[in-house]
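Everything below belongs to data_19.pdb, which stores PDB, C-alpha atoms, pLDDT in the B column.
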MODEL        1
ATOM      1  CA  MET A1331      -3.376  21.275 -33.804  1.00 94.00           C
ATOM      2  CA  HIS A1332      -3.074  21.079 -30.045  1.00 95.00           C
ATOM      3  CA  ILE A1333      -0.075  20.494 -27.784  1.00 96.00           C
ATOM      4  CA  PHE A1334      -0.379  18.620 -24.489  1.00 97.00           C
ATOM      5  CA  VAL A1335       2.593  19.138 -22.170  1.00 96.00           C
ATOM      6  CA  GLY A1336       3.146  16.936 -19.136  1.00 96.00           C
ATOM      7  CA  GLN A1337       5.277  18.307 -16.312  1.00 95.00           C
ATOM      8  CA  GLY A1338       7.868  16.016 -14.797  1.00 94.00           C
ATOM      9  CA  ASN A1339      11.557  15.188 -14.486  1.00 94.00           C
ATOM     10  CA  PRO A1340      13.233  12.927 -17.064  1.00 93.00           C
ATOM     11  CA  ALA A1341      15.719  10.856 -15.011  1.00 89.00           C
ATOM     12  CA  PRO A1342      14.593   7.297 -14.101  1.00 91.00           C
ATOM     13  CA  LYS A1343      14.826   8.003 -10.353  1.00 93.00           C
ATOM     14  CA  TYR A1344      11.912  10.472 -10.702  1.00 92.00           C
ATOM     15  CA  LEU A1345       9.667   8.106 -12.668  1.00 93.00           C
ATOM     16  CA  ARG A1346       7.034   7.423  -9.951  1.00 94.00           C
ATOM     17  CA  ASN A1347       7.311  10.782  -8.122  1.00 95.00           C
ATOM     18  CA  ARG A1348       4.264  12.937  -7.449  1.00 95.00           C
ATOM     19  CA  HIS A1349       5.963  15.628  -9.554  1.00 94.00           C
ATOM     20  CA  ASN A1350       5.847  13.249 -12.550  1.00 96.00           C
ATOM     21  CA  LEU A1351       2.067  12.931 -12.627  1.00 97.00           C
ATOM     22  CA  GLY A1352       1.987  14.992 -15.835  1.00 96.00           C
ATOM     23  CA  PHE A1353       4.372  12.546 -17.541  1.00 97.00           C
ATOM     24  CA  MET A1354       2.188   9.636 -16.402  1.00 97.00           C
ATOM     25  CA  VAL A1355      -0.848  11.236 -18.064  1.00 98.00           C
ATOM     26  CA  MET A1356       1.102  11.734 -21.324  1.00 97.00           C
ATOM     27  CA  ASP A1357       1.959   8.017 -21.352  1.00 97.00           C
ATOM     28  CA  ALA A1358      -1.696   7.129 -20.708  1.00 97.00           C
ATOM     29  CA  ILE A1359      -2.901   9.371 -23.560  1.00 97.00           C
ATOM     30  CA  ALA A1360      -0.386   7.836 -25.979  1.00 97.00           C
ATOM     31  CA  SER A1361      -1.562   4.351 -24.991  1.00 96.00           C
ATOM     32  CA  GLU A1362      -5.297   5.161 -24.994  1.00 95.00           C
ATOM     33  CA  TYR A1363      -5.284   6.662 -28.504  1.00 96.00           C
ATOM     34  CA  GLY A1364      -2.562   4.553 -30.138  1.00 94.00           C
ATOM     35  CA  PHE A1365      -0.132   7.396 -30.780  1.00 96.00           C
ATOM     36  CA  GLY A1366       3.118   6.828 -32.660  1.00 85.00           C
ATOM     37  CA  PRO A1367       6.429   6.028 -30.960  1.00 94.00           C
ATOM     38  CA  TRP A1368       8.108   8.512 -28.631  1.00 96.00           C
ATOM     39  CA  ARG A1369      11.079  10.343 -30.173  1.00 96.00           C
ATOM     40  CA  SER A1370      13.441  13.172 -29.227  1.00 97.00           C
ATOM     41  CA  LYS A1371      12.490  16.654 -30.459  1.00 96.00           C
ATOM     42  CA  PHE A1372      12.079  20.132 -28.926  1.00 95.00           C
ATOM     43  CA  GLN A1373      14.254  19.173 -25.916  1.00 92.00           C
ATOM     44  CA  SER A1374      11.528  16.638 -25.124  1.00 95.00           C
ATOM     45  CA  GLN A1375      10.213  13.183 -25.745  1.00 97.00           C
ATOM     46  CA  VAL A1376       7.306  13.705 -28.149  1.00 97.00           C
ATOM     47  CA  CYS A1377       4.734  11.598 -29.955  1.00 97.00           C
ATOM     48  CA  GLU A1378       1.863  12.465 -32.260  1.00 96.00           C
ATOM     49  CA  GLY A1379      -1.585  11.222 -33.097  1.00 96.00           C
ATOM     50  CA  LYS A1380      -5.197  12.249 -33.551  1.00 94.00           C
ATOM     51  CA  ILE A1381      -8.029  12.569 -31.056  1.00 94.00           C
ATOM     52  CA  GLY A1382     -11.495  13.276 -32.397  1.00 85.00           C
ATOM     53  CA  GLY A1383     -10.021  14.232 -35.763  1.00 88.00           C
ATOM     54  CA  GLU A1384      -7.662  16.824 -34.269  1.00 91.00           C
ATOM     55  CA  LYS A1385      -3.896  16.453 -34.544  1.00 95.00           C
ATOM     56  CA  VAL A1386      -2.222  16.333 -31.132  1.00 96.00           C
ATOM     57  CA  LEU A1387       1.413  16.520 -30.044  1.00 97.00           C
ATOM     58  CA  LEU A1388       2.299  15.056 -26.640  1.00 98.00           C
ATOM     59  CA  MET A1389       5.396  16.411 -24.896  1.00 96.00           C
ATOM     60  CA  LYS A1390       7.443  15.161 -21.947  1.00 97.00           C
ATOM     61  CA  PRO A1391      10.092  17.910 -21.631  1.00 95.00           C
ATOM     62  CA  GLU A1392      13.635  16.830 -20.808  1.00 95.00           C
ATOM     63  CA  THR A1393      14.452  20.312 -19.485  1.00 92.00           C
ATOM     64  CA  TYR A1394      13.309  19.250 -15.994  1.00 88.00           C
ATOM     65  CA  TYR A1395      10.140  20.382 -14.257  1.00 87.00           C
ATOM     66  CA  ASN A1396      11.122  23.979 -13.503  1.00 86.00           C
ATOM     67  CA  GLU A1397      12.044  24.710 -17.155  1.00 89.00           C
ATOM     68  CA  THR A1398       8.991  23.150 -18.832  1.00 90.00           C
ATOM     69  CA  GLY A1399       8.289  26.348 -20.764  1.00 90.00           C
ATOM     70  CA  ARG A1400      11.594  26.324 -22.670  1.00 91.00           C
ATOM     71  CA  ALA A1401      10.738  23.026 -24.349  1.00 92.00           C
ATOM     72  CA  ALA A1402       7.117  23.993 -24.987  1.00 92.00           C
ATOM     73  CA  GLN A1403       8.165  27.306 -26.542  1.00 92.00           C
ATOM     74  CA  ALA A1404      10.296  25.506 -29.146  1.00 93.00           C
ATOM     75  CA  ALA A1405       7.329  23.381 -30.280  1.00 94.00           C
ATOM     76  CA  ILE A1406       4.910  26.322 -30.317  1.00 94.00           C
ATOM     77  CA  GLN A1407       7.253  28.395 -32.462  1.00 93.00           C
ATOM     78  CA  PHE A1408       7.863  25.487 -34.850  1.00 95.00           C
ATOM     79  CA  TYR A1409       4.139  24.856 -35.392  1.00 95.00           C
ATOM     80  CA  LYS A1410       3.228  28.593 -35.234  1.00 95.00           C
ATOM     81  CA  LEU A1411       0.658  28.033 -32.503  1.00 94.00           C
ATOM     82  CA  ALA A1412      -0.750  30.318 -29.799  1.00 92.00           C
ATOM     83  CA  PRO A1413      -0.799  29.857 -25.985  1.00 91.00           C
ATOM     84  CA  GLU A1414      -4.488  28.922 -26.325  1.00 91.00           C
ATOM     85  CA  ASP A1415      -3.399  25.810 -28.286  1.00 93.00           C
ATOM     86  CA  VAL A1416      -1.436  24.465 -25.319  1.00 94.00           C
ATOM     87  CA  THR A1417      -2.614  22.437 -22.320  1.00 94.00           C
ATOM     88  CA  VAL A1418      -0.227  21.560 -19.486  1.00 95.00           C
ATOM     89  CA  PHE A1419      -0.958  18.685 -17.083  1.00 96.00           C
ATOM     90  CA  HIS A1420       0.634  18.956 -13.648  1.00 94.00           C
ATOM     91  CA  ASP A1421       0.478  17.875 -10.018  1.00 94.00           C
ATOM     92  CA  GLU A1422      -1.109  20.413  -7.671  1.00 92.00           C
ATOM     93  CA  ILE A1423      -0.345  20.506  -3.937  1.00 92.00           C
ATOM     94  CA  ASP A1424      -3.093  23.079  -3.322  1.00 90.00           C
ATOM     95  CA  LEU A1425      -5.782  20.540  -4.293  1.00 91.00           C
ATOM     96  CA  ALA A1426      -6.816  17.528  -2.214  1.00 91.00           C
ATOM     97  CA  PRO A1427      -5.606  14.151  -3.508  1.00 94.00           C
ATOM     98  CA  GLY A1428      -7.526  13.083  -6.605  1.00 93.00           C
ATOM     99  CA  ARG A1429      -9.270  16.437  -7.185  1.00 93.00           C
ATOM    100  CA  THR A1430      -8.975  17.958 -10.664  1.00 94.00           C
ATOM    101  CA  ARG A1431      -9.424  21.531 -11.813  1.00 93.00           C
ATOM    102  CA  VAL A1432      -9.110  22.996 -15.310  1.00 93.00           C
ATOM    103  CA  LYS A1433      -8.002  26.608 -15.475  1.00 88.00           C
ATOM    104  CA  ARG A1434      -6.929  29.207 -18.017  1.00 84.00           C
ATOM    105  CA  GLY A1435      -4.853  32.260 -17.204  1.00 73.00           C
ATOM    106  CA  GLY A1436      -3.934  33.506 -13.765  1.00 71.00           C
ATOM    107  CA  GLY A1437      -0.673  33.290 -11.847  1.00 64.00           C
ATOM    108  CA  HIS A1438       1.692  30.400 -11.184  1.00 63.00           C
ATOM    109  CA  SER A1439       0.817  29.921  -7.462  1.00 67.00           C
ATOM    110  CA  GLY A1440       4.437  29.072  -6.693  1.00 66.00           C
ATOM    111  CA  ASN A1441       4.641  26.253  -9.272  1.00 73.00           C
ATOM    112  CA  ASN A1442       7.977  26.840 -11.015  1.00 76.00           C
ATOM    113  CA  GLY A1443       7.009  24.728 -14.018  1.00 81.00           C
ATOM    114  CA  ILE A1444       3.949  26.929 -14.588  1.00 82.00           C
ATOM    115  CA  ARG A1445       6.085  30.022 -13.951  1.00 86.00           C
ATOM    116  CA  SER A1446       8.321  28.827 -16.801  1.00 90.00           C
ATOM    117  CA  MET A1447       5.307  28.156 -19.053  1.00 87.00           C
ATOM    118  CA  ILE A1448       3.914  31.656 -18.447  1.00 89.00           C
ATOM    119  CA  ALA A1449       7.331  33.277 -19.081  1.00 88.00           C
ATOM    120  CA  ASN A1450       8.077  31.314 -22.265  1.00 89.00           C
ATOM    121  CA  VAL A1451       4.651  30.613 -23.753  1.00 89.00           C
ATOM    122  CA  GLY A1452       2.138  33.041 -22.226  1.00 86.00           C
ATOM    123  CA  ALA A1453      -0.380  33.200 -19.402  1.00 86.00           C
ATOM    124  CA  ASN A1454      -3.372  32.019 -21.439  1.00 87.00           C
ATOM    125  CA  ILE A1455      -2.372  28.360 -21.493  1.00 91.00           C
ATOM    126  CA  ARG A1456      -4.879  25.841 -20.213  1.00 92.00           C
ATOM    127  CA  ARG A1457      -3.855  23.904 -17.094  1.00 92.00           C
ATOM    128  CA  VAL A1458      -5.162  20.592 -15.871  1.00 95.00           C
ATOM    129  CA  ARG A1459      -4.334  20.734 -12.159  1.00 93.00           C
ATOM    130  CA  MET A1460      -4.320  17.297 -10.554  1.00 95.00           C
ATOM    131  CA  GLY A1461      -4.402  17.283  -6.763  1.00 94.00           C
ATOM    132  CA  VAL A1462      -1.768  15.379  -4.816  1.00 94.00           C
ATOM    133  CA  GLY A1463      -2.409  17.027  -1.440  1.00 91.00           C
ATOM    134  CA  HIS A1464      -0.104  19.139   0.707  1.00 90.00           C
ATOM    135  CA  PRO A1465       2.419  17.720   3.180  1.00 88.00           C
ATOM    136  CA  GLY A1466       1.296  20.272   5.769  1.00 85.00           C
ATOM    137  CA  ASP A1467       4.400  22.406   6.057  1.00 86.00           C
ATOM    138  CA  LYS A1468       6.080  24.557   3.405  1.00 86.00           C
ATOM    139  CA  SER A1469       9.527  23.161   4.283  1.00 88.00           C
ATOM    140  CA  ARG A1470       8.339  19.651   3.410  1.00 90.00           C
ATOM    141  CA  VAL A1471       6.923  20.456  -0.049  1.00 90.00           C
ATOM    142  CA  MET A1472      10.056  19.692  -2.095  1.00 90.00           C
ATOM    143  CA  PRO A1473      10.784  16.265  -0.545  1.00 91.00           C
ATOM    144  CA  TYR A1474       7.050  15.473  -0.770  1.00 94.00           C
ATOM    145  CA  VAL A1475       6.642  16.164  -4.508  1.00 93.00           C
ATOM    146  CA  LEU A1476       9.979  14.465  -5.266  1.00 93.00           C
ATOM    147  CA  ALA A1477       8.889  11.303  -3.437  1.00 93.00           C
ATOM    148  CA  ASP A1478       6.996   8.397  -4.980  1.00 95.00           C
ATOM    149  CA  PHE A1479       3.254   8.105  -4.479  1.00 95.00           C
ATOM    150  CA  ALA A1480       2.400   6.098  -1.385  1.00 93.00           C
ATOM    151  CA  LYS A1481       0.990   2.612  -2.000  1.00 94.00           C
ATOM    152  CA  ALA A1482      -2.367   3.774  -0.603  1.00 92.00           C
ATOM    153  CA  ASP A1483      -2.468   6.578  -3.214  1.00 94.00           C
ATOM    154  CA  GLU A1484      -2.080   4.298  -6.210  1.00 94.00           C
ATOM    155  CA  PRO A1485      -5.773   3.366  -6.733  1.00 94.00           C
ATOM    156  CA  TRP A1486      -7.002   6.968  -6.971  1.00 95.00           C
ATOM    157  CA  ARG A1487      -3.861   8.037  -8.871  1.00 96.00           C
ATOM    158  CA  ASP A1488      -4.303   5.342 -11.526  1.00 96.00           C
ATOM    159  CA  ALA A1489      -8.035   6.067 -11.841  1.00 96.00           C
ATOM    160  CA  LEU A1490      -7.303   9.787 -12.243  1.00 97.00           C
ATOM    161  CA  ILE A1491      -4.664   9.197 -14.929  1.00 97.00           C
ATOM    162  CA  ALA A1492      -7.020   6.927 -16.887  1.00 97.00           C
ATOM    163  CA  ALA A1493      -9.918   9.392 -16.564  1.00 96.00           C
ATOM    164  CA  CYS A1494      -7.789  12.322 -17.754  1.00 96.00           C
ATOM    165  CA  ALA A1495      -6.848  10.363 -20.873  1.00 96.00           C
ATOM    166  CA  ARG A1496     -10.287   8.889 -21.606  1.00 95.00           C
ATOM    167  CA  SER A1497     -12.105  12.240 -21.316  1.00 95.00           C
ATOM    168  CA  LEU A1498      -9.795  14.175 -23.652  1.00 94.00           C
ATOM    169  CA  PRO A1499     -12.238  14.598 -26.562  1.00 93.00           C
ATOM    170  CA  LEU A1500     -14.260  16.913 -24.278  1.00 92.00           C
ATOM    171  CA  LEU A1501     -11.196  19.068 -23.640  1.00 91.00           C
ATOM    172  CA  LEU A1502     -10.450  19.380 -27.357  1.00 91.00           C
ATOM    173  CA  SER A1503     -13.986  20.570 -28.096  1.00 85.00           C
ATOM    174  CA  ASP A1504     -13.436  23.444 -25.600  1.00 66.00           C
ATOM    175  CA  GLY A1505     -15.532  21.791 -22.958  1.00 85.00           C
ATOM    176  CA  ASP A1506     -13.227  22.602 -20.033  1.00 91.00           C
ATOM    177  CA  GLU A1507     -15.993  22.354 -17.467  1.00 92.00           C
ATOM    178  CA  ARG A1508     -17.467  19.209 -19.021  1.00 93.00           C
ATOM    179  CA  TYR A1509     -14.005  17.653 -19.095  1.00 94.00           C
ATOM    180  CA  GLN A1510     -13.420  18.460 -15.439  1.00 94.00           C
ATOM    181  CA  THR A1511     -16.826  17.044 -14.494  1.00 93.00           C
ATOM    182  CA  GLU A1512     -16.267  13.862 -16.514  1.00 94.00           C
ATOM    183  CA  VAL A1513     -12.825  13.261 -15.015  1.00 94.00           C
ATOM    184  CA  MET A1514     -14.270  13.602 -11.517  1.00 93.00           C
ATOM    185  CA  ARG A1515     -17.174  11.302 -12.429  1.00 92.00           C
ATOM    186  CA  LEU A1516     -14.851   8.589 -13.737  1.00 94.00           C
ATOM    187  CA  ALA A1517     -12.341   9.029 -10.910  1.00 91.00           C
ATOM    188  CA  PRO A1518     -14.009  10.398  -7.760  1.00 90.00           C
ATOM    189  CA  ALA A1519     -11.512  11.799  -5.289  1.00 86.00           C
ATOM    190  CA  PRO A1520     -10.999   9.669  -2.168  1.00 86.00           C
ATOM    191  CA  LYS A1521     -13.291  10.593   0.716  1.00 78.00           C
ATOM    192  CA  HIS A1522     -10.348  10.788   3.118  1.00 61.00           C
ATOM    193  CA  ASP A1523      -6.651  11.455   2.863  1.00 51.00           C
ATOM    194  CA  PRO A1524      -5.061   8.076   1.926  1.00 45.00           C
ATOM    195  CA  LYS A1525      -1.891   9.104   3.803  1.00 48.00           C
ATOM    196  CA  GLN A1526      -3.873   8.795   7.045  1.00 42.00           C
ATOM    197  CA  VAL A1527      -4.692   5.111   6.438  1.00 35.00           C
TER
ENDMDL
END

Can the structure in the file be given as structure tokens, please?
Amino acid sequence: MHIFVGQGNPAPKYLRNRHNLGFMVMDAIASEYGFGPWRSKFQSQVCEGKIGGEKVLLMKPETYYNETGRAAQAAIQFYKLAPEDVTVFHDEIDLAPGRTRVKRGGGHSGNNGIRSMIANVGANIRRVRMGVGHPGDKSRVMPYVLADFAKADEPWRDALIAACARSLPLLLSDGDERYQTEVMRLAPAPKHDPKQV
């Protein structure tokens, strides 16, 4: 069994925020593979299904972004899984818009949701880091990630979400690099920063 955790904030006002990119991918996966209805469990909205014969649990934690790990820990303990059985999808300001990187281990790079995952689950989780770009100044990061995607960002954002969902069988067969390559093939990052348009 594998658990996919999307990072985001549960209140409706956050729905289209950059910080909710992980939630958007969870919704796309559920739709792409015909998963069952969302329900409340593990301090999250969860739904289950199968991808390539493997059972998968999708999680959208209701603990808010910075406490993602508390919700994930509850599911991992219930199913008696290891950190290696968990993949977290999240927005990444240190990557250019539309870029995707898959990573295992390492530090949290200032991402409080990942900090929570490392503290509660373990460092050896897999992360799908989806670039949203940096606002340019550290003081502007919080309002930037808690703002909705700009209209000009929507084409690459939607393509990226769809590619992340469609390529999942590669991720489940431990093809991290192949998954990353396929996502970037299906959804090439924009050649310029859409915010400059």

Which residues are near region 1401-1403 of chain A? Cut-off 8 Å, all atoms listed in the file, ignore same chain within fewer than 6 positions. Put them as a ChimeraX atom specification. /A:1335,1372-1374,1389,1391-1393,1447,1450-1451

Given the file above and the PyMOL selection byres ((chain A and resi 1464) around 12), which residues are selected, and can you give them as a list in words?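 With the shown file as input, the PyMOL selection byres ((chain A and resi 1464) around 12) matches Arg1348, Asp1421, Glu1422, Ile1423, Asp1424, Leu1425, Ala1426, Pro1427, Gly1461, Val1462, Gly1463, Pro1465, Gly1466, Asp1467, Lys1468, Ser1469, Arg1470, Val1471, Met1472, Pro1473, Tyr1474, Val1475, Asp1523 and Lys1525 of chain A.
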
What does the distance between CA of Met1354 (chain A) and CA of Gly1435 (chain A) come to in Å, to one decimal place?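 Atom-to-atom, CA of Met1354 (chain A) to CA of Gly1435 (chain A), that is 23.7 Å.
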
Give me, as number ranges by chain, all polymer residues having an atom no more than 9 Å from Asn1347 (chain A), counting all atoms listed in the file and skipping those fewer than 4 positions away in the same chain. A: 1338-1339, 1343, 1351, 1474-1479

Which residues come within 8 Å of Asn1442 (chain A), counting all atoms listed in the file, excluding same-chain residues fewer than 3 positions away, as a CSV table (one decimal) with C-alpha atoms, in the frame of the given file?
chain,number,residue,atom,x,y,z
A,1395,TYR,CA,10.1,20.4,-14.3
A,1396,ASN,CA,11.1,24.0,-13.5
A,1397,GLU,CA,12.0,24.7,-17.2
A,1438,HIS,CA,1.7,30.4,-11.2
A,1445,ARG,CA,6.1,30.0,-14.0
A,1446,SER,CA,8.3,28.8,-16.8

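Interatomic distance, CA of Gln1375 (chain A) to CA of Asn1454 (chain A): 23.6 Å.
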
Picked residues, the PyMOL selection byres ((chain A and resi 1494) around 9), expected as number ranges by chain: A: 1355, 1358-1359, 1458, 1489-1493, 1495-1498, 1509-1510, 1512-1513, 1516-1517

Could you write out that same residue set with C-alpha atoms as a compact mmCIF listing (two decimals), keeping the file's coordinate frame?
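Result file follows (result_31.txt):
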# COMPACT_ATOMS: atom_id res chain seq x y z
CA VAL A 1355 -0.85 11.24 -18.06
CA ALA A 1358 -1.70 7.13 -20.71
CA ILE A 1359 -2.90 9.37 -23.56
CA VAL A 1458 -5.16 20.59 -15.87
CA ALA A 1489 -8.04 6.07 -11.84
CA LEU A 1490 -7.30 9.79 -12.24
CA ILE A 1491 -4.66 9.20 -14.93
CA ALA A 1492 -7.02 6.93 -16.89
CA ALA A 1493 -9.92 9.39 -16.56
CA ALA A 1495 -6.85 10.36 -20.87
CA ARG A 1496 -10.29 8.89 -21.61
CA SER A 1497 -12.10 12.24 -21.32
CA LEU A 1498 -9.80 14.18 -23.65
CA TYR A 1509 -14.00 17.65 -19.10
CA GLN A 1510 -13.42 18.46 -15.44
CA GLU A 1512 -16.27 13.86 -16.51
CA VAL A 1513 -12.82 13.26 -15.02
CA LEU A 1516 -14.85 8.59 -13.74
CA ALA A 1517 -12.34 9.03 -10.91

Tell me which of A:His1349, A:Arg1400, A:Lys1380, A:Arg1515 sits closest to Ala1449 (chain A), counting all atoms listed in the file.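 Ranked by minimum distance to Ala1449 (chain A), first place goes to A:Arg1400.
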
Please compute the CA of His1420 (chain A)-CA of Phe1353 (chain A) distance, one decimal, in Å. 8.4 Å

Distance table requested - region 1446-1490 of chain A against region 1430-1433 of chain A, cut-off 6 Å, only C-alpha atoms: one row per qualifying residue with the closest atom pair and its distance in Å to one decimal, ordered by chain and rising residue number, as CSV.
residue,atom,partner,partner_atom,distance
A:Arg1456,CA,A:Lys1433,CA,5.7
A:Arg1457,CA,A:Lys1433,CA,5.2
A:Val1458,CA,A:Val1432,CA,4.7
A:Arg1459,CA,A:Arg1431,CA,5.2
A:Met1460,CA,A:Thr1430,CA,4.7

Test item: axis-aligned box, all listed atoms of region 1359-1364 of chain A, 5 Å on each side, centre and edges in Å rounded to one decimal, as AutoDock Vina command-line options:
--center_x -2.8 --center_y 6.9 --center_z -26.8 --size_x 14.9 --size_y 15.0 --size_z 16.6

Pick from A:Lys1390, A:Gly1436, A:Met1331, A:Gln1337 nearest to Asp1415 (chain A), counting only C-alpha atoms: A:Met1331

Residue neighbourhood Tyr1409 (chain A), 10 Å, only C-alpha atoms, exclusion window fewer than 4 positions, as an MDAnalysis selection string: chainID A and resid 1331:1333 1404:1405

Of the residues A:Arg1346, A:Gly1364, A:Val1418, A:Ala1341, which is the one nearest to Ala1480 (chain A), using all atoms listed in the file? A:Arg1346
